[in-house]
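Have a look at work17.txt below; it lists compact mmCIF, C-alpha atoms and all ligand atoms.
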```
# COMPACT_ATOMS: atom_id res chain seq x y z
CA MET E 1 -14.47 -42.91 3.61
CA GLY E 2 -15.02 -42.46 -0.08
CA THR E 3 -12.12 -44.30 -1.65
CA SER E 4 -14.15 -45.06 -4.75
CA ASN E 5 -15.25 -41.46 -5.00
CA ASN E 6 -11.66 -40.34 -4.75
CA ARG E 7 -10.74 -42.66 -7.56
CA LYS E 8 -13.65 -41.35 -9.60
CA ALA E 9 -12.40 -37.79 -9.28
CA VAL E 10 -8.93 -38.81 -10.41
CA SER E 11 -10.10 -40.75 -13.44
CA LEU E 12 -12.46 -37.96 -14.46
CA ARG E 13 -9.51 -35.61 -14.43
CA CYS E 14 -7.51 -37.96 -16.64
CA CYS E 15 -10.40 -38.24 -19.12
CA PHE E 16 -10.34 -34.51 -19.63
CA GLY E 17 -6.65 -34.88 -20.35
CA ARG E 18 -5.69 -31.52 -18.94
CA LYS E 19 -4.89 -29.87 -15.70
CA ALA E 20 -7.87 -29.53 -13.42
CA TYR E 21 -8.95 -26.00 -12.74
CA TRP E 22 -9.23 -25.08 -9.12
CA GLY E 23 -12.50 -26.89 -8.84
CA SER E 24 -13.84 -27.75 -12.25
CA LEU E 25 -15.27 -31.18 -11.38
CA GLU E 26 -17.85 -32.72 -9.13
CA LEU E 27 -15.84 -32.89 -5.98
CA HIS E 28 -15.79 -35.25 -3.09
CA ILE E 29 -16.49 -33.24 0.04
CA HIS E 30 -14.32 -33.54 3.14
CA PRO E 31 -14.65 -31.79 6.51
CA ASP E 32 -11.16 -30.27 6.41
CA ALA E 33 -7.54 -30.53 5.25
CA ARG E 34 -6.68 -33.23 7.79
CA ALA E 35 -9.42 -35.48 6.46
CA VAL E 36 -8.13 -34.92 2.92
CA VAL E 37 -4.60 -35.95 3.96
CA ARG E 38 -5.98 -39.04 5.73
CA ALA E 39 -7.95 -40.02 2.63
CA LEU E 40 -5.33 -39.29 -0.02
CA SER E 41 -1.84 -39.19 1.55
CA PRO E 42 -1.19 -36.87 -1.38
CA ASP E 43 2.21 -36.53 -3.03
CA GLN E 44 0.90 -33.66 -5.19
CA PRO E 45 -0.41 -30.36 -3.82
CA VAL E 46 -4.14 -30.42 -3.12
CA ILE E 47 -6.27 -27.34 -3.73
CA LEU E 48 -9.17 -27.01 -1.33
CA ASN E 49 -12.33 -25.16 -2.38
CA ARG E 50 -14.65 -23.51 0.14
CA PRO E 51 -17.76 -22.53 -1.81
CA HIS E 52 -19.58 -21.48 1.36
CA ALA E 53 -16.91 -18.87 2.07
CA ALA E 54 -17.04 -17.37 -1.43
CA ALA E 55 -20.86 -17.31 -1.35
CA ARG E 56 -20.76 -15.53 2.01
CA ALA E 57 -18.36 -12.90 0.66
CA ALA E 58 -20.58 -12.35 -2.39
CA ARG E 59 -23.73 -11.97 -0.30
CA PHE E 60 -21.90 -9.50 1.96
CA PHE E 61 -20.99 -7.25 -0.97
CA ILE E 62 -24.44 -7.55 -2.54
CA GLU E 63 -26.21 -6.70 0.69
CA LYS E 64 -23.84 -4.06 2.08
CA PHE E 65 -22.00 -2.30 -0.72
CA PRO E 66 -24.08 0.83 -1.50
CA GLY E 67 -24.15 0.09 -5.24
CA ARG E 68 -23.39 -2.68 -7.72
CA SER E 69 -20.57 -5.20 -7.20
CA LEU E 70 -18.73 -6.60 -10.23
CA TYR E 71 -16.45 -9.60 -9.68
CA ALA E 72 -12.93 -8.99 -11.11
CA VAL E 73 -12.39 -12.34 -12.81
CA LYS E 74 -8.60 -12.18 -13.02
CA ALA E 75 -8.28 -12.74 -9.26
CA ASN E 76 -9.55 -16.31 -9.70
CA PRO E 77 -11.13 -17.45 -12.97
CA SER E 78 -12.18 -20.93 -11.79
CA PRO E 79 -15.54 -21.79 -13.40
CA ASP E 80 -16.70 -23.39 -10.16
CA LEU E 81 -16.09 -20.14 -8.32
CA LEU E 82 -17.86 -18.16 -11.05
CA ARG E 83 -20.93 -20.39 -10.58
CA VAL E 84 -20.81 -19.97 -6.79
CA LEU E 85 -20.70 -16.18 -7.14
CA TRP E 86 -23.49 -16.20 -9.71
CA ASP E 87 -25.69 -18.37 -7.47
CA ALA E 88 -25.01 -15.95 -4.61
CA GLY E 89 -26.29 -13.06 -6.74
CA VAL E 90 -23.26 -11.58 -8.55
CA THR E 91 -24.59 -10.72 -12.02
CA HIS E 92 -21.79 -8.45 -13.35
CA TYR E 93 -18.22 -9.53 -14.15
CA ASP E 94 -15.15 -7.38 -14.76
CA VAL E 95 -13.15 -9.11 -17.50
CA ALA E 96 -9.78 -7.97 -18.83
CA SER E 97 -9.03 -10.12 -21.88
CA ILE E 98 -10.95 -11.75 -24.70
CA ALA E 99 -10.16 -15.14 -23.12
CA GLU E 100 -11.88 -14.01 -19.91
CA VAL E 101 -14.83 -12.72 -21.96
CA ARG E 102 -15.22 -16.15 -23.61
CA LEU E 103 -14.71 -18.01 -20.34
CA VAL E 104 -17.35 -16.10 -18.41
CA ARG E 105 -19.78 -16.02 -21.33
CA GLY E 106 -19.38 -19.81 -21.70
CA THR E 107 -19.80 -20.44 -17.98
CA LEU E 108 -22.52 -17.90 -17.17
CA PRO E 109 -24.49 -17.19 -20.37
CA ALA E 110 -26.72 -14.57 -18.73
CA ALA E 111 -23.97 -12.60 -16.97
CA THR E 112 -23.29 -8.94 -17.76
CA LEU E 113 -19.67 -8.53 -18.82
CA CYS E 114 -17.68 -5.32 -18.43
CA PHE E 115 -14.37 -5.13 -20.33
CA MET E 116 -12.36 -3.01 -17.90
CA HIS E 117 -8.82 -3.31 -19.24
CA PRO E 118 -7.92 0.15 -20.60
CA VAL E 119 -5.64 -1.21 -23.35
CA LYS E 120 -7.34 -3.73 -25.65
CA ALA E 121 -6.81 -5.20 -29.11
CA ALA E 122 -9.32 -3.85 -31.64
CA SER E 123 -10.29 -7.44 -32.51
CA ALA E 124 -10.99 -8.18 -28.82
CA ILE E 125 -13.29 -5.15 -28.57
CA ALA E 126 -15.12 -6.13 -31.76
CA GLU E 127 -15.60 -9.77 -30.69
CA ALA E 128 -16.69 -8.73 -27.20
CA TYR E 129 -19.23 -6.22 -28.56
CA HIS E 130 -20.60 -8.01 -31.62
CA ILE E 131 -20.46 -11.64 -30.47
CA HIS E 132 -20.59 -11.68 -26.67
CA GLY E 133 -22.88 -8.73 -25.99
CA VAL E 134 -20.35 -6.68 -24.01
CA ARG E 135 -21.52 -3.06 -23.72
CA VAL E 136 -19.21 -1.68 -21.01
CA PHE E 137 -15.59 -0.78 -21.78
CA SER E 138 -12.91 1.25 -20.03
CA LEU E 139 -10.25 3.49 -21.56
CA ASP E 140 -7.62 5.97 -20.49
CA CYS E 141 -6.65 7.78 -23.69
CA LEU E 142 -8.12 9.19 -26.93
CA GLU E 143 -6.46 6.47 -28.98
CA GLU E 144 -8.37 3.75 -27.11
CA LEU E 145 -11.61 5.74 -27.45
CA GLU E 146 -11.15 5.79 -31.22
CA LYS E 147 -10.39 2.05 -31.20
CA ILE E 148 -13.64 1.38 -29.33
CA ARG E 149 -15.63 3.69 -31.60
CA VAL E 150 -14.46 1.95 -34.77
CA ALA E 151 -14.62 -1.62 -33.41
CA THR E 152 -18.24 -1.25 -32.28
CA LEU E 153 -19.63 0.22 -35.54
CA ALA E 154 -22.31 -1.88 -37.24
CA PRO E 155 -21.38 -3.41 -40.64
CA ASP E 156 -23.27 -0.54 -42.32
CA GLY E 157 -21.23 1.98 -40.34
CA THR E 158 -23.95 2.91 -37.86
CA ALA E 159 -22.62 3.98 -34.45
CA PRO E 160 -23.92 2.04 -31.44
CA GLU E 161 -26.29 3.71 -28.98
CA ASP E 162 -25.75 1.39 -26.07
CA LEU E 163 -22.15 1.91 -24.94
CA THR E 164 -21.14 2.54 -21.36
CA LEU E 165 -17.59 3.92 -21.46
CA CYS E 166 -15.60 4.35 -18.26
CA VAL E 167 -12.63 6.70 -18.25
CA ARG E 168 -9.92 5.34 -15.96
CA LEU E 169 -8.30 7.97 -13.76
CA ARG E 170 -4.85 7.52 -12.30
CA VAL E 171 -5.02 7.62 -8.50
CA SER E 172 -2.59 7.12 -5.66
CA SER E 173 -1.74 3.61 -4.38
CA GLU E 174 -0.23 4.92 -1.15
CA TYR E 175 -2.58 2.93 1.12
CA SER E 176 -2.27 -0.35 -0.78
CA GLU E 177 0.06 -3.31 -0.47
CA LEU E 178 0.27 -3.78 -4.25
CA SER E 179 0.43 -0.64 -6.38
CA LEU E 180 -1.61 -0.27 -9.55
CA ALA E 181 -0.78 3.40 -9.95
CA SER E 182 1.80 3.53 -12.68
CA LYS E 183 0.50 1.49 -15.58
CA PHE E 184 -3.04 2.68 -16.27
CA GLY E 185 -5.15 5.76 -15.82
CA CYS E 186 -5.10 9.25 -17.26
CA ASP E 187 -3.77 12.10 -15.18
CA LEU E 188 -6.13 14.70 -13.86
CA THR E 189 -4.59 17.23 -16.24
CA GLU E 190 -5.64 15.14 -19.29
CA ALA E 191 -8.98 14.02 -17.90
CA ALA E 192 -11.23 16.90 -19.00
CA PRO E 193 -10.73 16.61 -22.78
CA LEU E 194 -10.92 12.81 -22.60
CA LEU E 195 -14.16 12.89 -20.58
CA GLN E 196 -15.67 15.39 -23.03
CA ALA E 197 -14.69 13.31 -26.07
CA THR E 198 -15.94 10.11 -24.46
CA ARG E 199 -19.25 11.80 -23.60
CA GLN E 200 -19.79 12.35 -27.35
CA ILE E 201 -19.63 8.61 -28.05
CA ALA E 202 -20.92 6.98 -24.88
CA ASP E 203 -24.60 6.54 -24.16
CA SER E 204 -23.57 6.29 -20.54
CA LEU E 205 -20.35 7.87 -19.22
CA GLY E 206 -18.42 6.43 -16.30
CA ILE E 207 -15.31 7.28 -14.33
CA CYS E 208 -13.30 4.44 -12.80
CA PHE E 209 -10.05 4.00 -10.90
CA HIS E 210 -8.15 1.37 -8.92
CA VAL E 211 -6.55 2.32 -5.60
CA GLY E 212 -4.18 -0.70 -5.67
CA SER E 213 -4.74 -4.18 -4.30
CA GLN E 214 -5.19 -4.90 -0.59
CA SER E 215 -5.93 -1.33 0.34
CA MET E 216 -5.39 -1.08 4.07
CA SER E 217 -7.37 2.14 4.58
CA PRO E 218 -10.80 3.32 3.40
CA PHE E 219 -9.31 6.79 2.92
CA ALA E 220 -7.71 5.52 -0.28
CA TYR E 221 -11.20 5.60 -1.81
CA VAL E 222 -12.06 9.01 -0.38
CA GLN E 223 -8.89 10.46 -1.85
CA ALA E 224 -9.57 8.87 -5.23
CA LEU E 225 -13.19 10.05 -5.23
CA GLU E 226 -11.98 13.59 -4.55
CA ARG E 227 -9.93 13.29 -7.72
CA VAL E 228 -13.08 12.13 -9.53
CA ARG E 229 -14.85 15.23 -8.23
CA ALA E 230 -12.09 17.48 -9.56
CA ALA E 231 -12.21 15.77 -12.97
CA ILE E 232 -15.98 16.15 -13.26
CA VAL E 233 -15.90 19.80 -12.25
CA GLU E 234 -13.09 20.58 -14.67
CA ALA E 235 -14.76 18.78 -17.59
CA SER E 236 -18.35 19.84 -16.72
CA VAL E 237 -19.78 16.62 -18.11
CA LEU E 238 -22.73 14.56 -16.97
CA VAL E 239 -21.44 11.36 -15.33
CA ASP E 240 -23.66 8.27 -15.09
CA VAL E 241 -21.36 5.72 -13.40
CA VAL E 242 -18.74 6.07 -10.70
CA ASP E 243 -16.75 2.85 -10.38
CA VAL E 244 -14.43 2.64 -7.37
CA GLY E 245 -12.69 -0.48 -8.69
CA GLY E 246 -11.12 -3.22 -6.59
CA GLY E 247 -8.60 -3.11 -3.76
CA PHE E 248 -10.91 -4.26 -0.96
CA PRO E 249 -8.69 -6.13 1.48
CA SER E 250 -8.65 -9.61 2.92
CA VAL E 251 -6.95 -10.82 6.10
CA TYR E 252 -3.35 -12.11 6.07
CA PRO E 253 -0.58 -12.43 8.65
CA GLY E 254 0.59 -8.92 9.45
CA MET E 255 -2.31 -7.37 7.54
CA GLU E 256 -5.49 -6.95 9.51
CA PRO E 257 -7.52 -4.26 7.74
CA PRO E 258 -10.46 -2.30 9.16
CA PRO E 259 -13.91 -3.86 8.61
CA LEU E 260 -15.30 -3.56 5.08
CA GLU E 261 -18.32 -1.69 6.45
CA ASP E 262 -15.96 1.23 7.15
CA TYR E 263 -14.94 1.27 3.49
CA PHE E 264 -18.52 1.06 2.28
CA GLY E 265 -19.67 3.84 4.61
CA LEU E 266 -16.98 6.31 3.57
CA ILE E 267 -17.42 5.47 -0.13
CA ALA E 268 -21.19 6.01 0.12
CA ARG E 269 -20.84 9.35 1.88
CA THR E 270 -18.23 10.69 -0.55
CA TYR E 271 -20.12 9.42 -3.60
CA GLU E 272 -23.34 11.07 -2.47
CA SER E 273 -21.63 14.44 -2.43
CA LEU E 274 -20.31 14.16 -6.02
CA PRO E 275 -21.77 16.33 -8.80
CA VAL E 276 -23.07 13.39 -10.84
CA SER E 277 -26.24 12.67 -12.78
CA TYR E 278 -29.40 12.32 -10.69
CA SER E 279 -29.78 8.72 -11.91
CA SER E 280 -26.10 7.82 -11.62
CA GLU E 281 -24.87 4.46 -10.36
CA LEU E 282 -22.06 3.50 -7.98
CA TRP E 283 -20.06 0.37 -8.89
CA CYS E 284 -17.15 -1.55 -7.39
CA GLU E 285 -14.97 -4.36 -8.80
CA PRO E 286 -13.75 -6.56 -5.94
CA GLY E 287 -11.44 -9.42 -6.91
CA ARG E 288 -9.43 -10.41 -3.85
CA ALA E 289 -12.21 -9.71 -1.33
CA LEU E 290 -14.61 -12.10 -3.07
CA CYS E 291 -12.25 -15.03 -3.57
CA ALA E 292 -9.35 -14.93 -1.06
CA GLU E 293 -11.21 -17.23 1.33
CA TYR E 294 -12.27 -19.66 -1.41
CA ASN E 295 -9.04 -21.70 -1.54
CA SER E 296 -6.33 -23.08 0.63
CA LEU E 297 -3.59 -25.47 -0.42
CA ILE E 298 -2.17 -28.64 1.11
CA VAL E 299 1.55 -29.09 0.46
CA LYS E 300 3.90 -31.86 1.56
CA VAL E 301 7.29 -31.28 3.14
CA GLU E 302 9.83 -33.24 1.09
CA ARG E 303 12.91 -32.13 2.96
CA ARG E 304 14.02 -29.96 5.84
CA ARG E 305 17.31 -28.09 5.91
CA GLY E 306 17.60 -25.98 9.04
CA ARG E 307 14.76 -23.46 8.91
CA ASP E 308 14.11 -24.11 5.20
CA LEU E 309 11.33 -26.49 4.23
CA TYR E 310 11.30 -27.91 0.70
CA ILE E 311 7.64 -28.19 -0.28
CA ASN E 312 5.85 -29.31 -3.46
CA ASP E 313 4.34 -25.98 -4.55
CA GLY E 314 5.97 -22.60 -4.93
CA ALA E 315 6.76 -19.45 -6.89
CA TYR E 316 5.61 -20.95 -10.20
CA GLY E 317 2.59 -22.53 -8.57
CA ALA E 318 0.04 -20.98 -6.26
CA LEU E 319 2.65 -19.15 -4.16
CA PHE E 320 3.66 -16.47 -6.66
CA ASP E 321 2.88 -13.61 -4.28
CA ALA E 322 4.66 -15.33 -1.38
CA ALA E 323 7.81 -15.52 -3.51
CA HIS E 324 7.72 -12.33 -5.53
CA VAL E 325 6.19 -9.75 -3.22
CA GLY E 326 6.97 -11.40 0.12
CA TRP E 327 3.29 -11.95 0.91
CA ARG E 328 2.68 -13.99 4.05
CA PHE E 329 -0.07 -16.57 4.29
CA PRO E 330 -1.43 -18.36 7.34
CA VAL E 331 -0.22 -21.95 7.82
CA LYS E 332 -1.15 -25.07 9.82
CA ALA E 333 0.96 -28.24 10.12
CA PHE E 334 0.00 -31.86 10.64
CA ASP E 335 1.49 -35.30 10.05
CA ALA E 336 0.69 -37.86 7.36
CA TYR E 337 -2.20 -39.17 9.48
CA GLY E 338 -3.71 -35.73 9.80
CA ASN E 339 -2.67 -35.50 13.46
CA ASP E 340 -1.24 -32.52 15.31
CA ASN E 341 1.84 -34.51 16.18
CA HIS E 342 3.75 -31.36 16.94
CA ALA E 343 0.89 -29.59 18.71
CA ASP E 344 2.82 -29.00 21.89
CA ALA E 345 5.97 -27.76 20.21
CA ALA E 346 6.64 -24.04 20.18
CA CYS E 347 6.37 -22.38 16.77
CA GLU E 348 9.43 -21.13 14.99
CA PRO E 349 9.84 -19.11 11.81
CA PHE E 350 10.44 -21.14 8.63
CA SER E 351 11.01 -20.31 4.96
CA PHE E 352 9.94 -22.44 2.01
CA TYR E 353 11.62 -23.66 -1.15
CA GLY E 354 9.29 -24.65 -3.99
CA PRO E 355 9.74 -27.77 -6.14
CA THR E 356 11.38 -26.28 -9.27
CA CYS E 357 15.15 -26.10 -9.76
CA ASP E 358 15.09 -22.31 -9.76
CA ASP E 359 16.76 -20.49 -6.84
CA MET E 360 14.03 -17.85 -7.07
CA ASP E 361 11.51 -20.51 -6.10
CA HIS E 362 11.85 -19.38 -2.49
CA MET E 363 9.26 -18.01 -0.10
CA ASP E 364 10.80 -16.05 2.76
CA GLY E 365 7.74 -15.93 5.00
CA PRO E 366 8.43 -16.20 7.84
CA PHE E 367 5.88 -18.98 8.29
CA GLU E 368 5.39 -19.85 11.94
CA LEU E 369 5.40 -23.65 12.24
CA PRO E 370 6.06 -26.19 15.00
CA ALA E 371 9.79 -26.58 15.73
CA GLY E 372 9.72 -30.34 15.07
CA ILE E 373 8.21 -30.22 11.58
CA GLY E 374 10.04 -32.29 8.99
CA SER E 375 10.00 -34.44 5.89
CA GLY E 376 6.71 -36.29 5.34
CA ASP E 377 4.61 -33.73 7.24
CA TYR E 378 1.92 -31.67 5.57
CA ILE E 379 1.15 -27.94 5.68
CA GLU E 380 -2.13 -26.28 4.86
CA ILE E 381 -1.51 -22.79 3.47
CA GLY E 382 -4.60 -20.61 3.80
CA MET E 383 -6.15 -17.62 2.02
CA LEU E 384 -4.86 -18.57 -1.43
CA GLY E 385 -8.09 -18.01 -3.38
CA ALA E 386 -7.01 -14.65 -4.78
CA TYR E 387 -4.06 -14.52 -7.18
CA GLY E 388 -3.03 -18.06 -6.16
CA ALA E 389 -4.95 -20.38 -8.47
CA ALA E 390 -4.73 -17.83 -11.25
CA MET E 391 -0.94 -17.78 -11.18
CA LYS E 392 -0.17 -21.51 -11.40
CA THR E 393 2.15 -22.47 -14.28
CA ALA E 394 3.50 -25.75 -15.67
CA PHE E 395 7.15 -24.65 -15.31
CA ASN E 396 9.48 -27.60 -14.66
CA GLY E 397 6.57 -30.05 -14.78
CA PHE E 398 4.99 -29.09 -11.46
CA ASP E 399 1.44 -28.26 -12.49
CA GLU E 400 -0.35 -31.30 -11.07
CA ALA E 401 -2.83 -30.73 -8.28
CA GLU E 402 -5.86 -32.49 -6.92
CA VAL E 403 -8.92 -30.40 -6.13
CA ARG E 404 -11.19 -31.14 -3.17
CA GLU E 405 -14.04 -29.37 -1.47
CA VAL E 406 -13.97 -28.82 2.30
CA THR E 407 -16.61 -27.52 4.68
CA ASP E 408 -14.55 -25.98 7.48
CA GLU E 409 -13.98 -22.26 7.77
CA PRO E 410 -11.06 -20.47 6.09
CA MET E 411 -8.09 -19.65 8.34
CA ALA E 412 -9.15 -16.01 8.46
CA SER E 413 -12.25 -14.16 7.35
CA GLN E 414 -13.51 -10.67 6.71
CA TYR E 415 -17.07 -11.95 6.97
CA LEU E 416 -17.35 -13.97 10.17
CA GLY E 417 -17.14 -11.11 12.63
CA ASN E 418 -15.00 -13.23 14.96
CA ARG E 419 -11.48 -12.13 14.24
CA ARG E 420 -9.05 -13.46 16.74
CA ASP E 421 -7.07 -11.22 19.03
CA PRO E 422 -4.01 -10.36 16.95
CA ARG E 423 -1.68 -11.15 19.83
CA VAL E 424 -2.81 -14.77 20.18
CA SER E 425 -3.56 -15.64 16.59
CA ASP E 426 -0.71 -17.93 15.65
CA ASN E 427 -0.27 -17.31 11.98
CA VAL E 428 -2.97 -14.89 11.07
CA VAL E 429 -1.19 -11.78 12.18
CA SER E 430 2.46 -10.94 12.41
CA LEU E 431 3.92 -11.37 15.88
CA ARG E 432 6.44 -8.65 15.27
C1 LIG E 501 -7.24 -6.39 -10.66
C2 LIG E 501 -8.39 -5.49 -10.86
C3 LIG E 501 -9.47 -5.52 -9.97
C4 LIG E 501 -9.50 -6.37 -8.72
O1 LIG E 501 -8.60 -5.90 -7.78
P1 LIG E 501 -8.56 -6.50 -6.29
O2 LIG E 501 -7.46 -5.75 -5.65
O3 LIG E 501 -8.30 -7.95 -6.43
O4 LIG E 501 -9.89 -6.24 -5.67
C5 LIG E 501 -10.55 -4.69 -10.24
N1 LIG E 501 -10.56 -3.88 -11.32
C6 LIG E 501 -9.54 -3.83 -12.20
C7 LIG E 501 -9.63 -2.92 -13.36
C8 LIG E 501 -8.42 -4.62 -11.99
O5 LIG E 501 -7.39 -4.55 -12.85
```

What would you get if you wrote out this structure as structure tokens?
Amino acid sequence: MGTSNNRKAVSLRCCFGRKAYWGSLELHIHPDARAVVRALSPDQPVILNRPHAAARAARFFIEKFPGRSLYAVKANPSPDLLRVLWDAGVTHYDVASIAEVRLVRGTLPAATLCFMHPVKAASAIAEAYHIHGVRVFSLDCLEELEKIRVATLAPDGTAPEDLTLCVRLRVSSEYSELSLASKFGCDLTEAAPLLQATRQIADSLGICFHVGSQSMSPFAYVQALERVRAAIVEASVLVDVVDVGGGFPSVYPGMEPPPLEDYFGLIARTYESLPVSYSSELWCEPGRALCAEYNSLIVKVERRRGRDLYINDGAYGALFDAAHVGWRFPVKAFDAYGNDNHADAACEPFSFYGPTCDDMDHMDGPFELPAGIGSGDYIEIGMLGAYGAAMKTAFNGFDEAEVREVTDEPMASQYLGNRRDPRVSDNVVSLR
């Protein structure tokens, strides 16, 4: 089915003369990865988009988070995903660079942008404020506050009266798989003077933090909010926004977090007890949780050597986290005809080598795959929507990838309420 459509997608991509984003074109829709392999017999990796899964995640946050949800664009900046989230009701976007500001403004002209990187170039602040209508900025030191103050002055030197400034507090990353504790955030001991100085300039004063990515316990947020409480009490300032940041988890092999409702419930209860302004707002900035289920990737096995499989994507492609932080992703294998030719074989642990000539292009896994898998077979690697697409580079000439849309469900989900029993789920949860 759809040979001509397939060809159309390819030629469209060539016309644009650049690498396709993860989903920047009108895409031919297939039921699943097997159907894509049958249709394309692809020699390049194929990125699969699941708009229904991203829309479901967005609706979940909008309906259940007890405040406003901002999408953290860096997790996956694909314009197609941005449009899916917008259509599902996400109106606010956490951007961290002037390129992200321009991208989101160009893709979603009516979106509200919040520039939440605490260390920015003065020119980026000025362009964001004066040209793109950005009114929300974060900071973690007096120097950055002064930068924001100067960059947002009108040409006649008038100070703006519409700034929301969020002071980033350093909090613990002890419950998270990826720490964000050391680079940004002011210590509690420095927070009071910074909050007081920011209050002088901000129309609306916020406090934000990030508990680290893939936070495996809701108590991370309780602990961080207790630090927010201490900062507010110490500074005795009126606070208008409490922003609990990102860190909301997705499901991966060996990482099955509690339901997100548990996070939302504890955050709501702790927030309600904070000494904040009567009209204050609660915000969050999920990245991973909104996009992890959006993409999977089809790779081809080019060679097998013992328990190592040489595949055509890797550390410099969408598998950065698999290589550099040992992240495990769920996998499914099938042959060139999309059949489960090894369905009866027992699974064994495999590692992957990526396509570049670099020894570091190695993904330990282990990835549980049928014992008979070999050259010419295909593997679908799931849950790559967050920090997968965003990390792809052109190193060694391996940046080609087709993009297709599929309608089946992601290999795991926080939003379906049908998690498999960990002991029988093949690749979704560690067997160890
Ligand atoms: C990366 C980042 C996020 C998103 O984090 P996730 O762990 O993907 O949810 C949110 N806010 C800020 C400031 C970030 O740097």

Which polymer residues have any atom within 12 Å of an atom of Asp340 in chain E, counting all atoms listed in the file, with same-chain residues fewer than 5 positions away left out, as a PyMOL selection string?
chain E and resi 34+332-335+345+369-370+372-373+377-379

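Taking CA of Ile131 in chain E as the reference point, CA of Cys166 in chain E is found at 20.7 Å.
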
Cut-off 9 Å, all atoms listed in the file, neighbours of ligand LIG 501 (chain E) as JSON, numbers by chain:
{"E": [70, 71, 72, 73, 74, 75, 94, 95, 96, 115, 116, 117, 118, 138, 168, 176, 178, 180, 208, 209, 210, 211, 212, 213, 214, 215, 244, 245, 246, 247, 248, 249, 284, 285, 286, 287, 288, 289, 290, 291, 292, 386, 387]}

Would you export the selected residues with C-alpha atoms as a tab-separated table (two decimals), in the coordinates of the input, please?
```tsv
chain	number	residue	atom	x	y	z
E	70	LEU	CA	-18.73	-6.60	-10.23
E	71	TYR	CA	-16.45	-9.60	-9.68
E	72	ALA	CA	-12.93	-8.99	-11.11
E	73	VAL	CA	-12.39	-12.34	-12.81
E	74	LYS	CA	-8.60	-12.18	-13.02
E	75	ALA	CA	-8.28	-12.74	-9.26
E	94	ASP	CA	-15.15	-7.38	-14.76
E	95	VAL	CA	-13.15	-9.11	-17.50
E	96	ALA	CA	-9.78	-7.97	-18.83
E	115	PHE	CA	-14.37	-5.13	-20.33
E	116	MET	CA	-12.36	-3.01	-17.90
E	117	HIS	CA	-8.82	-3.31	-19.24
E	118	PRO	CA	-7.92	0.15	-20.60
E	138	SER	CA	-12.91	1.25	-20.03
E	168	ARG	CA	-9.92	5.34	-15.96
E	176	SER	CA	-2.27	-0.35	-0.78
E	178	LEU	CA	0.27	-3.78	-4.25
E	180	LEU	CA	-1.61	-0.27	-9.55
E	208	CYS	CA	-13.30	4.44	-12.80
E	209	PHE	CA	-10.05	4.00	-10.90
E	210	HIS	CA	-8.15	1.37	-8.92
E	211	VAL	CA	-6.55	2.32	-5.60
E	212	GLY	CA	-4.18	-0.70	-5.67
E	213	SER	CA	-4.74	-4.18	-4.30
E	214	GLN	CA	-5.19	-4.90	-0.59
E	215	SER	CA	-5.93	-1.33	0.34
E	244	VAL	CA	-14.43	2.64	-7.37
E	245	GLY	CA	-12.69	-0.48	-8.69
E	246	GLY	CA	-11.12	-3.22	-6.59
E	247	GLY	CA	-8.60	-3.11	-3.76
E	248	PHE	CA	-10.91	-4.26	-0.96
E	249	PRO	CA	-8.69	-6.13	1.48
E	284	CYS	CA	-17.15	-1.55	-7.39
E	285	GLU	CA	-14.97	-4.36	-8.80
E	286	PRO	CA	-13.75	-6.56	-5.94
E	287	GLY	CA	-11.44	-9.42	-6.91
E	288	ARG	CA	-9.43	-10.41	-3.85
E	289	ALA	CA	-12.21	-9.71	-1.33
E	290	LEU	CA	-14.61	-12.10	-3.07
E	291	CYS	CA	-12.25	-15.03	-3.57
E	292	ALA	CA	-9.35	-14.93	-1.06
E	386	ALA	CA	-7.01	-14.65	-4.78
E	387	TYR	CA	-4.06	-14.52	-7.18
```

Which one is closest to Tyr337 in chain E: E:Ala159, E:Leu40, E:Leu416, E:His28? Count only C-alpha atoms.
E:Leu40

Residue list as a PDB file with C-alpha atoms, in the coordinates of the input for point (-9.2, 4.3, 5.3), cut-off 9 Å, all atoms listed in the file:
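Output (part.pdb):
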```pdb
ATOM      1  CA  TYR E 175      -2.580   2.930   1.120  1.00  0.00           C
ATOM      2  CA  SER E 215      -5.930  -1.330   0.340  1.00  0.00           C
ATOM      3  CA  MET E 216      -5.390  -1.080   4.070  1.00  0.00           C
ATOM      4  CA  SER E 217      -7.370   2.140   4.580  1.00  0.00           C
ATOM      5  CA  PRO E 218     -10.800   3.320   3.400  1.00  0.00           C
ATOM      6  CA  PHE E 219      -9.310   6.790   2.920  1.00  0.00           C
ATOM      7  CA  ALA E 220      -7.710   5.520  -0.280  1.00  0.00           C
ATOM      8  CA  TYR E 221     -11.200   5.600  -1.810  1.00  0.00           C
ATOM      9  CA  VAL E 222     -12.060   9.010  -0.380  1.00  0.00           C
ATOM     10  CA  PRO E 258     -10.460  -2.300   9.160  1.00  0.00           C
ATOM     11  CA  ASP E 262     -15.960   1.230   7.150  1.00  0.00           C
ATOM     12  CA  TYR E 263     -14.940   1.270   3.490  1.00  0.00           C
ATOM     13  CA  LEU E 266     -16.980   6.310   3.570  1.00  0.00           C
TER      14      LEU E 266
END
```

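Across E:Val104, E:Ala202, E:Met363, E:Ala151, the tightest approach to Val325 in chain E is made by E:Met363 when counting all atoms listed in the file.
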
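One distance worth recording is that between CA of Ser172 in chain E and CA of Met255 in chain E, which is 19.6 Å.
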
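You will find CA of Leu82 in chain E at 16.8 Å from CA of Arg68 in chain E.
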
Please list as JSON, numbers by chain every residue within 7 Å of range 402-415 of chain E, counting all atoms listed in the file and excluding residues in the same chain fewer than 4 positions away.
{"E": [22, 23, 27, 28, 29, 30, 31, 32, 45, 46, 47, 48, 49, 50, 57, 250, 251, 293, 330, 382, 383, 428]}
